[in-house]
Every structure is written in structure tokens, then in C-alpha cells.
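Visitor: This structure is in C-alpha cells; I'll ask about it shortly.
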Amino acid sequence: MVIIRFSAGVLTGAIIAAVYWSYADWFGSAQSLTTNILGCLTLAIICGFLTYKWGYKMIEILLNSIP
């Protein structure tokens, strides 16, 4: 159960990171590929830990933060 909850958070974080990455590219403030990949992984892992600690309600909160 713990791995499933963490994985759901990681997937949510990766989706959020991809959305923000596409916005950055759209507005012409794109960074290097390495920086983007590290940023996406970092955000995904943080979201995974948040979901692991506070449950699935955190996924809803995280998805509501997407503009």
C-alpha cells in the first residue's frame, strides 16, 4: 500500500512538472534538458513523499495548484 501511494504521488508530481515545463518552453524561458529532468525528478519525488505522508487527499491539493 505504501508503494502504491508513493507511486501515485510521483506520477502526479511528474504530470505537474511536465505541465510547468511546457509553460516555460511556450513562453521562451526554457532551460537545459539536464536541468529540466533533474527538476522534474525532484518535484516528482517530493510529491511522492507528500502523498505518502498525508494520503491521497494531497494529490487533489497538488492537482488544484496547476494553473
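Note on naming: chains are A, B, ... as they come in the C-alpha cells, residues start from 1 per chain, ligands start from 1 in the order shown.
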Based on the backbone DSSP call, show me all residues of chain A assigned helix (DSSP H, G or I), as a CSV table (one decimal) with all heavy atoms, in the first residue's frame.
Guide:
```
chain,number,residue,atom,x,y,z
A,2,VAL,N,2.0,1.2,0.7
A,2,VAL,CA,2.9,2.4,0.8
A,2,VAL,C,3.5,2.7,-0.6
A,2,VAL,O,3.5,3.8,-1.0
A,2,VAL,CB,4.0,2.1,1.8
A,2,VAL,CG1,5.0,3.2,1.8
A,2,VAL,CG2,3.4,2.0,3.2
A,3,ILE,N,3.9,1.7,-1.3
A,3,ILE,CA,4.5,1.9,-2.6
A,3,ILE,C,3.5,2.4,-3.6
A,3,ILE,O,3.8,3.3,-4.4
A,3,ILE,CB,5.1,0.6,-3.1
A,3,ILE,CG1,6.3,0.2,-2.2
A,3,ILE,CG2,5.6,0.7,-4.6
A,3,ILE,CD1,7.0,-1.1,-2.6
A,4,ILE,N,2.2,1.9,-3.5
A,4,ILE,CA,1.2,2.4,-4.4
A,4,ILE,C,0.9,3.9,-4.1
A,4,ILE,O,0.8,4.7,-5.1
A,4,ILE,CB,-0.1,1.6,-4.2
A,4,ILE,CG1,0.1,0.2,-4.7
A,4,ILE,CG2,-1.3,2.2,-5.0
A,4,ILE,CD1,-1.0,-0.8,-4.4
A,5,ARG,N,0.8,4.3,-2.9
A,5,ARG,CA,0.6,5.7,-2.5
A,5,ARG,C,1.7,6.6,-3.0
A,5,ARG,O,1.5,7.6,-3.5
A,5,ARG,CB,0.4,5.8,-1.0
A,5,ARG,CG,0.0,7.2,-0.6
A,5,ARG,CD,-0.1,7.4,0.9
A,5,ARG,NE,-1.1,6.6,1.4
A,5,ARG,CZ,-1.4,6.5,2.7
A,5,ARG,NH1,-0.7,7.2,3.6
A,5,ARG,NH2,-2.3,5.7,3.2
A,6,PHE,N,3.0,6.1,-2.7
A,6,PHE,CA,4.1,6.9,-3.1
A,6,PHE,C,4.2,7.0,-4.7
A,6,PHE,O,4.4,8.1,-5.2
A,6,PHE,CB,5.4,6.2,-2.6
A,6,PHE,CG,6.7,7.0,-3.0
A,6,PHE,CD1,7.0,8.1,-2.3
A,6,PHE,CD2,7.5,6.5,-4.0
A,6,PHE,CE1,8.2,8.8,-2.7
A,6,PHE,CE2,8.6,7.2,-4.4
A,6,PHE,CZ,9.0,8.3,-3.7
A,7,SER,N,3.9,5.9,-5.4
A,7,SER,CA,3.9,5.9,-6.8
A,7,SER,C,2.8,6.9,-7.4
A,7,SER,O,3.1,7.6,-8.4
A,7,SER,CB,3.7,4.5,-7.4
A,7,SER,OG,4.7,3.7,-6.9
A,8,ALA,N,1.7,6.9,-6.8
A,8,ALA,CA,0.6,7.8,-7.2
A,8,ALA,C,1.1,9.3,-7.1
A,8,ALA,O,0.9,10.1,-7.9
A,8,ALA,CB,-0.6,7.6,-6.5
A,9,GLY,N,1.8,9.6,-6.0
A,9,GLY,CA,2.3,10.9,-5.8
A,9,GLY,C,3.4,11.3,-6.7
A,9,GLY,O,3.5,12.4,-7.2
A,10,VAL,N,4.3,10.3,-7.0
A,10,VAL,CA,5.3,10.5,-8.0
A,10,VAL,C,4.8,10.8,-9.4
A,10,VAL,O,5.2,11.7,-10.1
A,10,VAL,CB,6.3,9.3,-8.0
A,10,VAL,CG1,7.2,9.4,-9.2
A,10,VAL,CG2,7.1,9.3,-6.8
A,11,LEU,N,3.8,10.0,-9.8
A,11,LEU,CA,3.1,10.2,-11.1
A,11,LEU,C,2.5,11.6,-11.1
A,11,LEU,O,2.6,12.3,-12.1
A,11,LEU,CB,2.1,9.1,-11.3
A,11,LEU,CG,1.4,9.2,-12.7
A,11,LEU,CD1,2.4,9.1,-13.8
A,11,LEU,CD2,0.3,8.1,-12.7
A,12,THR,N,1.8,12.0,-10.1
A,12,THR,CA,1.2,13.3,-10.0
A,12,THR,C,2.2,14.4,-10.1
A,12,THR,O,2.1,15.4,-10.8
A,12,THR,CB,0.4,13.5,-8.7
A,12,THR,OG1,-0.6,12.5,-8.6
A,12,THR,CG2,-0.3,14.9,-8.6
A,13,GLY,N,3.3,14.3,-9.4
A,13,GLY,CA,4.4,15.2,-9.5
A,13,GLY,C,5.0,15.3,-10.9
A,13,GLY,O,5.4,16.4,-11.3
A,14,ALA,N,5.2,14.2,-11.5
A,14,ALA,CA,5.7,14.2,-12.9
A,14,ALA,C,4.8,14.9,-13.9
A,14,ALA,O,5.2,15.6,-14.8
A,14,ALA,CB,5.9,12.8,-13.4
A,15,ILE,N,3.5,14.7,-13.7
A,15,ILE,CA,2.5,15.4,-14.5
A,15,ILE,C,2.6,16.9,-14.3
A,15,ILE,O,2.6,17.7,-15.2
A,15,ILE,CB,1.1,14.9,-14.2
A,15,ILE,CG1,0.9,13.5,-14.8
A,15,ILE,CG2,0.0,15.8,-14.9
A,15,ILE,CD1,-0.3,12.7,-14.4
A,16,ILE,N,2.6,17.3,-13.0
A,16,ILE,CA,2.7,18.8,-12.7
A,16,ILE,C,4.0,19.4,-13.3
A,16,ILE,O,4.0,20.4,-13.9
A,16,ILE,CB,2.7,19.0,-11.2
A,16,ILE,CG1,1.3,18.6,-10.7
A,16,ILE,CG2,3.0,20.4,-10.8
A,16,ILE,CD1,1.2,18.6,-9.2
A,17,ALA,N,5.1,18.6,-13.2
A,17,ALA,CA,6.4,19.1,-13.7
A,17,ALA,C,6.3,19.2,-15.2
A,17,ALA,O,6.8,20.2,-15.8
A,17,ALA,CB,7.5,18.2,-13.3
A,18,ALA,N,5.7,18.3,-15.9
A,18,ALA,CA,5.6,18.3,-17.3
A,18,ALA,C,4.7,19.5,-17.8
A,18,ALA,O,5.0,20.2,-18.8
A,18,ALA,CB,4.9,17.0,-17.9
A,19,VAL,N,3.7,19.8,-17.0
A,19,VAL,CA,2.8,21.0,-17.4
A,19,VAL,C,3.6,22.3,-17.2
A,19,VAL,O,3.6,23.1,-18.1
A,19,VAL,CB,1.6,21.0,-16.5
A,19,VAL,CG1,0.8,22.3,-16.6
A,19,VAL,CG2,0.6,19.9,-16.9
A,20,TYR,N,4.3,22.4,-16.1
A,20,TYR,CA,5.1,23.6,-15.9
A,20,TYR,C,6.3,23.7,-16.9
A,20,TYR,O,6.6,24.8,-17.4
A,20,TYR,CB,5.7,23.7,-14.5
A,20,TYR,CG,4.6,24.2,-13.5
A,20,TYR,CD1,4.2,23.4,-12.5
A,20,TYR,CD2,4.0,25.4,-13.6
A,20,TYR,CE1,3.2,23.8,-11.6
A,20,TYR,CE2,3.1,25.9,-12.8
A,20,TYR,CZ,2.7,25.0,-11.7
A,20,TYR,OH,1.7,25.5,-10.9
A,21,TRP,N,6.9,22.6,-17.3
A,21,TRP,CA,7.9,22.6,-18.3
A,21,TRP,C,7.4,23.1,-19.6
A,21,TRP,O,8.0,23.8,-20.3
A,21,TRP,CB,8.5,21.2,-18.4
A,21,TRP,CG,9.7,21.1,-19.2
A,21,TRP,CD1,10.5,22.1,-19.7
A,21,TRP,CD2,10.3,19.9,-19.8
A,21,TRP,NE1,11.5,21.5,-20.5
A,21,TRP,CE2,11.4,20.2,-20.5
A,21,TRP,CE3,9.9,18.5,-19.6
A,21,TRP,CZ2,12.2,19.2,-21.2
A,21,TRP,CZ3,10.7,17.6,-20.3
A,21,TRP,CH2,11.8,17.9,-21.0
A,22,SER,N,6.2,22.6,-20.0
A,22,SER,CA,5.6,23.1,-21.3
A,22,SER,C,5.3,24.5,-21.2
A,22,SER,O,5.5,25.2,-22.3
A,22,SER,CB,4.4,22.2,-21.6
A,22,SER,OG,3.3,22.6,-20.7
A,23,TYR,N,4.9,25.1,-20.1
A,23,TYR,CA,4.6,26.5,-20.0
A,23,TYR,C,5.9,27.3,-20.1
A,23,TYR,O,6.0,28.3,-20.8
A,23,TYR,CB,4.0,26.9,-18.6
A,23,TYR,CG,2.5,26.5,-18.5
A,23,TYR,CD1,2.0,26.4,-17.3
A,23,TYR,CD2,1.7,26.3,-19.6
A,23,TYR,CE1,0.6,26.1,-17.1
A,23,TYR,CE2,0.4,26.0,-19.5
A,23,TYR,CZ,-0.1,25.9,-18.2
A,23,TYR,OH,-1.5,25.6,-18.1
A,24,ALA,N,7.0,26.8,-19.5
A,24,ALA,CA,8.3,27.5,-19.6
A,24,ALA,C,8.8,27.5,-21.1
A,24,ALA,O,9.3,28.5,-21.5
A,24,ALA,CB,9.3,26.8,-18.7
A,25,ASP,N,8.6,26.4,-21.8
A,25,ASP,CA,9.0,26.3,-23.2
A,25,ASP,C,8.2,27.2,-24.0
A,25,ASP,O,8.7,27.9,-24.9
A,25,ASP,CB,9.0,24.9,-23.6
A,25,ASP,CG,9.6,24.7,-25.0
A,25,ASP,OD1,10.6,25.4,-25.2
A,25,ASP,OD2,9.1,23.9,-25.8
A,26,TRP,N,6.9,27.3,-23.7
A,26,TRP,CA,6.0,28.1,-24.5
A,26,TRP,C,6.3,29.6,-24.4
A,26,TRP,O,6.2,30.3,-25.4
A,26,TRP,CB,4.5,27.9,-24.0
A,26,TRP,CG,3.5,28.7,-24.7
A,26,TRP,CD1,3.0,29.9,-24.3
A,26,TRP,CD2,2.9,28.4,-26.0
A,26,TRP,NE1,2.1,30.4,-25.2
A,26,TRP,CE2,2.0,29.5,-26.2
A,26,TRP,CE3,3.0,27.4,-26.9
A,26,TRP,CZ2,1.2,29.6,-27.4
A,26,TRP,CZ3,2.3,27.5,-28.1
A,26,TRP,CH2,1.4,28.6,-28.3
A,33,LEU,N,18.1,20.7,-20.9
A,33,LEU,CA,17.4,19.4,-20.7
A,33,LEU,C,17.8,18.7,-19.4
A,33,LEU,O,16.9,18.2,-18.7
A,33,LEU,CB,17.7,18.4,-21.9
A,33,LEU,CG,17.0,17.1,-21.9
A,33,LEU,CD1,15.5,17.3,-21.9
A,33,LEU,CD2,17.4,16.3,-23.1
A,34,THR,N,19.1,18.8,-19.0
A,34,THR,CA,19.5,18.2,-17.8
A,34,THR,C,18.8,18.9,-16.6
A,34,THR,O,18.4,18.2,-15.7
A,34,THR,CB,21.0,18.3,-17.7
A,34,THR,OG1,21.6,17.8,-18.8
A,34,THR,CG2,21.5,17.6,-16.4
A,35,THR,N,18.8,20.2,-16.6
A,35,THR,CA,18.1,20.9,-15.5
A,35,THR,C,16.6,20.6,-15.4
A,35,THR,O,16.1,20.4,-14.3
A,35,THR,CB,18.3,22.4,-15.7
A,35,THR,OG1,19.7,22.8,-15.8
A,35,THR,CG2,17.7,23.2,-14.6
A,36,ASN,N,16.0,20.5,-16.6
A,36,ASN,CA,14.6,20.1,-16.6
A,36,ASN,C,14.3,18.7,-16.1
A,36,ASN,O,13.4,18.5,-15.3
A,36,ASN,CB,14.0,20.2,-18.0
A,36,ASN,CG,13.8,21.7,-18.4
A,36,ASN,OD1,13.5,22.5,-17.6
A,36,ASN,ND2,14.0,22.0,-19.7
A,37,ILE,N,15.2,17.8,-16.4
A,37,ILE,CA,15.0,16.4,-16.0
A,37,ILE,C,15.2,16.3,-14.5
A,37,ILE,O,14.4,15.7,-13.7
A,37,ILE,CB,15.9,15.4,-16.8
A,37,ILE,CG1,15.4,15.3,-18.2
A,37,ILE,CG2,16.0,14.1,-16.1
A,37,ILE,CD1,16.3,14.5,-19.1
A,38,LEU,N,16.3,16.9,-14.0
A,38,LEU,CA,16.5,16.9,-12.5
A,38,LEU,C,15.4,17.6,-11.8
A,38,LEU,O,15.0,17.2,-10.7
A,38,LEU,CB,17.9,17.6,-12.2
A,38,LEU,CG,19.1,16.8,-12.6
A,38,LEU,CD1,20.4,17.6,-12.4
A,38,LEU,CD2,19.2,15.5,-11.9
A,39,GLY,N,14.9,18.7,-12.3
A,39,GLY,CA,13.8,19.4,-11.7
A,39,GLY,C,12.5,18.6,-11.6
A,39,GLY,O,11.8,18.5,-10.6
A,40,CYS,N,12.2,17.9,-12.7
A,40,CYS,CA,11.1,17.0,-12.8
A,40,CYS,C,11.2,15.9,-11.8
A,40,CYS,O,10.2,15.5,-11.1
A,40,CYS,CB,10.9,16.5,-14.2
A,40,CYS,SG,10.3,17.7,-15.4
A,41,LEU,N,12.4,15.3,-11.7
A,41,LEU,CA,12.6,14.1,-10.8
A,41,LEU,C,12.4,14.6,-9.4
A,41,LEU,O,11.8,13.9,-8.5
A,41,LEU,CB,13.9,13.5,-11.0
A,41,LEU,CG,14.0,12.6,-12.3
A,41,LEU,CD1,15.5,12.2,-12.4
A,41,LEU,CD2,13.1,11.5,-12.2
A,42,THR,N,13.0,15.8,-9.1
A,42,THR,CA,12.9,16.3,-7.7
A,42,THR,C,11.5,16.6,-7.3
A,42,THR,O,11.1,16.2,-6.2
A,42,THR,CB,13.8,17.6,-7.6
A,42,THR,OG1,15.1,17.3,-8.0
A,42,THR,CG2,13.8,18.2,-6.2
A,43,LEU,N,10.8,17.3,-8.2
A,43,LEU,CA,9.4,17.6,-7.9
A,43,LEU,C,8.5,16.3,-7.8
A,43,LEU,O,7.7,16.2,-6.9
A,43,LEU,CB,8.8,18.5,-9.0
A,43,LEU,CG,7.4,18.9,-8.8
A,43,LEU,CD1,7.3,19.8,-7.5
A,43,LEU,CD2,6.9,19.7,-9.9
A,44,ALA,N,8.8,15.3,-8.6
A,44,ALA,CA,8.1,14.0,-8.5
A,44,ALA,C,8.3,13.3,-7.2
A,44,ALA,O,7.4,12.8,-6.6
A,44,ALA,CB,8.4,13.1,-9.7
A,45,ILE,N,9.6,13.3,-6.8
A,45,ILE,CA,9.9,12.6,-5.5
A,45,ILE,C,9.3,13.4,-4.3
A,45,ILE,O,8.8,12.7,-3.4
A,45,ILE,CB,11.4,12.4,-5.4
A,45,ILE,CG1,11.9,11.4,-6.4
A,45,ILE,CG2,11.8,12.0,-4.0
A,45,ILE,CD1,13.4,11.3,-6.5
A,46,ILE,N,9.3,14.7,-4.3
A,46,ILE,CA,8.7,15.5,-3.3
A,46,ILE,C,7.2,15.2,-3.2
A,46,ILE,O,6.7,15.0,-2.1
A,46,ILE,CB,9.1,17.0,-3.4
A,46,ILE,CG1,10.5,17.2,-3.2
A,46,ILE,CG2,8.2,17.8,-2.5
A,46,ILE,CD1,11.0,18.6,-3.5
A,47,CYS,N,6.6,15.2,-4.3
A,47,CYS,CA,5.1,14.9,-4.4
A,47,CYS,C,4.8,13.5,-3.9
A,47,CYS,O,3.8,13.3,-3.2
A,47,CYS,CB,4.6,15.2,-5.8
A,47,CYS,SG,4.5,16.9,-6.2
A,48,GLY,N,5.7,12.6,-4.2
A,48,GLY,CA,5.6,11.2,-3.7
A,48,GLY,C,5.6,11.1,-2.2
A,48,GLY,O,4.8,10.5,-1.6
A,49,PHE,N,6.6,11.8,-1.6
A,49,PHE,CA,6.7,11.9,-0.2
A,49,PHE,C,5.5,12.6,0.5
A,49,PHE,O,5.0,12.1,1.5
A,49,PHE,CB,8.0,12.5,0.3
A,49,PHE,CG,9.2,11.6,0.2
A,49,PHE,CD1,10.3,12.0,-0.6
A,49,PHE,CD2,9.2,10.3,0.7
A,49,PHE,CE1,11.4,11.1,-0.7
A,49,PHE,CE2,10.3,9.5,0.6
A,49,PHE,CZ,11.4,9.9,-0.1
A,50,LEU,N,5.0,13.6,-0.1
A,50,LEU,CA,3.9,14.3,0.4
A,50,LEU,C,2.6,13.4,0.4
A,50,LEU,O,1.9,13.4,1.4
A,50,LEU,CB,3.6,15.6,-0.4
A,50,LEU,CG,4.6,16.8,-0.2
A,50,LEU,CD1,4.3,17.9,-1.2
A,50,LEU,CD2,4.6,17.3,1.2
A,51,THR,N,2.5,12.7,-0.7
A,51,THR,CA,1.3,11.8,-0.8
A,51,THR,C,1.5,10.6,0.2
A,51,THR,O,0.5,10.2,0.8
A,51,THR,CB,1.2,11.3,-2.2
A,51,THR,OG1,1.1,12.4,-3.1
A,51,THR,CG2,-0.1,10.4,-2.4
A,52,TYR,N,2.7,10.1,0.3
A,52,TYR,CA,3.0,9.1,1.3
A,52,TYR,C,2.6,9.5,2.7
A,52,TYR,O,2.0,8.8,3.5
A,52,TYR,CB,4.4,8.6,1.2
A,52,TYR,CG,4.9,7.7,2.3
A,52,TYR,CD1,4.4,6.4,2.4
A,52,TYR,CD2,5.8,8.2,3.3
A,52,TYR,CE1,4.8,5.6,3.4
A,52,TYR,CE2,6.2,7.4,4.3
A,52,TYR,CZ,5.7,6.1,4.4
A,52,TYR,OH,6.1,5.3,5.4
A,53,LYS,N,3.0,10.7,3.1
A,53,LYS,CA,2.8,11.2,4.4
A,53,LYS,C,1.3,11.6,4.7
A,53,LYS,O,0.8,11.2,5.8
A,53,LYS,CB,3.7,12.4,4.7
A,53,LYS,CG,3.6,13.0,6.0
A,53,LYS,CD,4.8,13.1,6.8
A,53,LYS,CE,4.7,13.8,8.1
A,53,LYS,NZ,4.7,12.9,9.2
A,54,TRP,N,0.7,12.3,3.8
A,54,TRP,CA,-0.6,12.8,4.1
A,54,TRP,C,-1.8,12.2,3.3
A,54,TRP,O,-2.9,12.6,3.4
A,54,TRP,CB,-0.7,14.3,3.9
A,54,TRP,CG,0.1,15.0,5.0
A,54,TRP,CD1,-0.4,15.2,6.3
A,54,TRP,CD2,1.3,15.7,4.9
A,54,TRP,NE1,0.6,15.9,7.0
A,54,TRP,CE2,1.6,16.2,6.2
A,54,TRP,CE3,2.2,15.9,3.9
A,54,TRP,CZ2,2.8,16.9,6.5
A,54,TRP,CZ3,3.4,16.6,4.2
A,54,TRP,CH2,3.7,17.0,5.5
A,57,LYS,N,-5.5,12.6,-0.4
A,57,LYS,CA,-6.1,14.0,-0.4
A,57,LYS,C,-5.0,15.0,-0.9
A,57,LYS,O,-5.4,16.0,-1.6
A,57,LYS,CB,-6.5,14.4,1.0
A,57,LYS,CG,-7.2,15.7,1.1
A,57,LYS,CD,-8.5,15.7,0.5
A,57,LYS,CE,-9.2,17.1,0.8
A,57,LYS,NZ,-10.3,17.3,0.0
A,58,MET,N,-3.8,14.7,-0.7
A,58,MET,CA,-2.7,15.6,-1.1
A,58,MET,C,-2.6,15.6,-2.7
A,58,MET,O,-2.3,16.7,-3.2
A,58,MET,CB,-1.3,15.1,-0.6
A,58,MET,CG,-0.2,16.0,-0.9
A,58,MET,SD,-0.4,17.7,-0.4
A,58,MET,CE,-0.3,17.5,1.4
A,59,ILE,N,-3.0,14.5,-3.3
A,59,ILE,CA,-3.0,14.5,-4.8
A,59,ILE,C,-4.0,15.6,-5.3
A,59,ILE,O,-3.7,16.3,-6.3
A,59,ILE,CB,-3.3,13.1,-5.4
A,59,ILE,CG1,-2.1,12.2,-5.1
A,59,ILE,CG2,-3.6,13.2,-6.9
A,59,ILE,CD1,-2.3,10.8,-5.5
A,60,GLU,N,-5.2,15.6,-4.7
A,60,GLU,CA,-6.2,16.6,-5.1
A,60,GLU,C,-5.7,18.0,-4.9
A,60,GLU,O,-5.8,18.9,-5.8
A,60,GLU,CB,-7.5,16.3,-4.3
A,60,GLU,CG,-8.6,17.3,-4.7
A,60,GLU,CD,-9.8,17.0,-3.9
A,60,GLU,OE1,-9.9,16.0,-3.3
A,60,GLU,OE2,-10.7,17.9,-3.9
A,61,ILE,N,-5.0,18.2,-3.8
A,61,ILE,CA,-4.5,19.6,-3.5
A,61,ILE,C,-3.4,19.9,-4.5
A,61,ILE,O,-3.4,21.1,-5.0
A,61,ILE,CB,-3.9,19.6,-2.1
A,61,ILE,CG1,-5.1,19.5,-1.0
A,61,ILE,CG2,-3.2,20.9,-1.8
A,61,ILE,CD1,-4.6,19.2,0.4
A,62,LEU,N,-2.5,19.0,-4.8
A,62,LEU,CA,-1.5,19.2,-5.8
A,62,LEU,C,-2.0,19.5,-7.2
A,62,LEU,O,-1.6,20.4,-7.9
A,62,LEU,CB,-0.5,18.1,-5.8
A,62,LEU,CG,0.4,17.9,-4.6
A,62,LEU,CD1,1.1,16.5,-4.7
A,62,LEU,CD2,1.4,19.0,-4.4
A,63,LEU,N,-3.0,18.8,-7.6
A,63,LEU,CA,-3.6,19.0,-8.9
A,63,LEU,C,-4.4,20.3,-9.0
A,63,LEU,O,-4.5,20.9,-10.1
A,63,LEU,CB,-4.5,17.8,-9.3
A,63,LEU,CG,-3.7,16.5,-9.6
A,63,LEU,CD1,-4.7,15.4,-9.9
A,63,LEU,CD2,-2.8,16.7,-10.8
A,64,ASN,N,-4.9,20.7,-7.9
A,64,ASN,CA,-5.6,22.0,-7.9
A,64,ASN,C,-4.6,23.2,-8.0
A,64,ASN,O,-5.0,24.3,-8.3
A,64,ASN,CB,-6.5,22.2,-6.7
A,64,ASN,CG,-7.7,21.3,-6.8
A,64,ASN,OD1,-8.2,21.0,-7.9
A,64,ASN,ND2,-8.3,20.9,-5.6
```
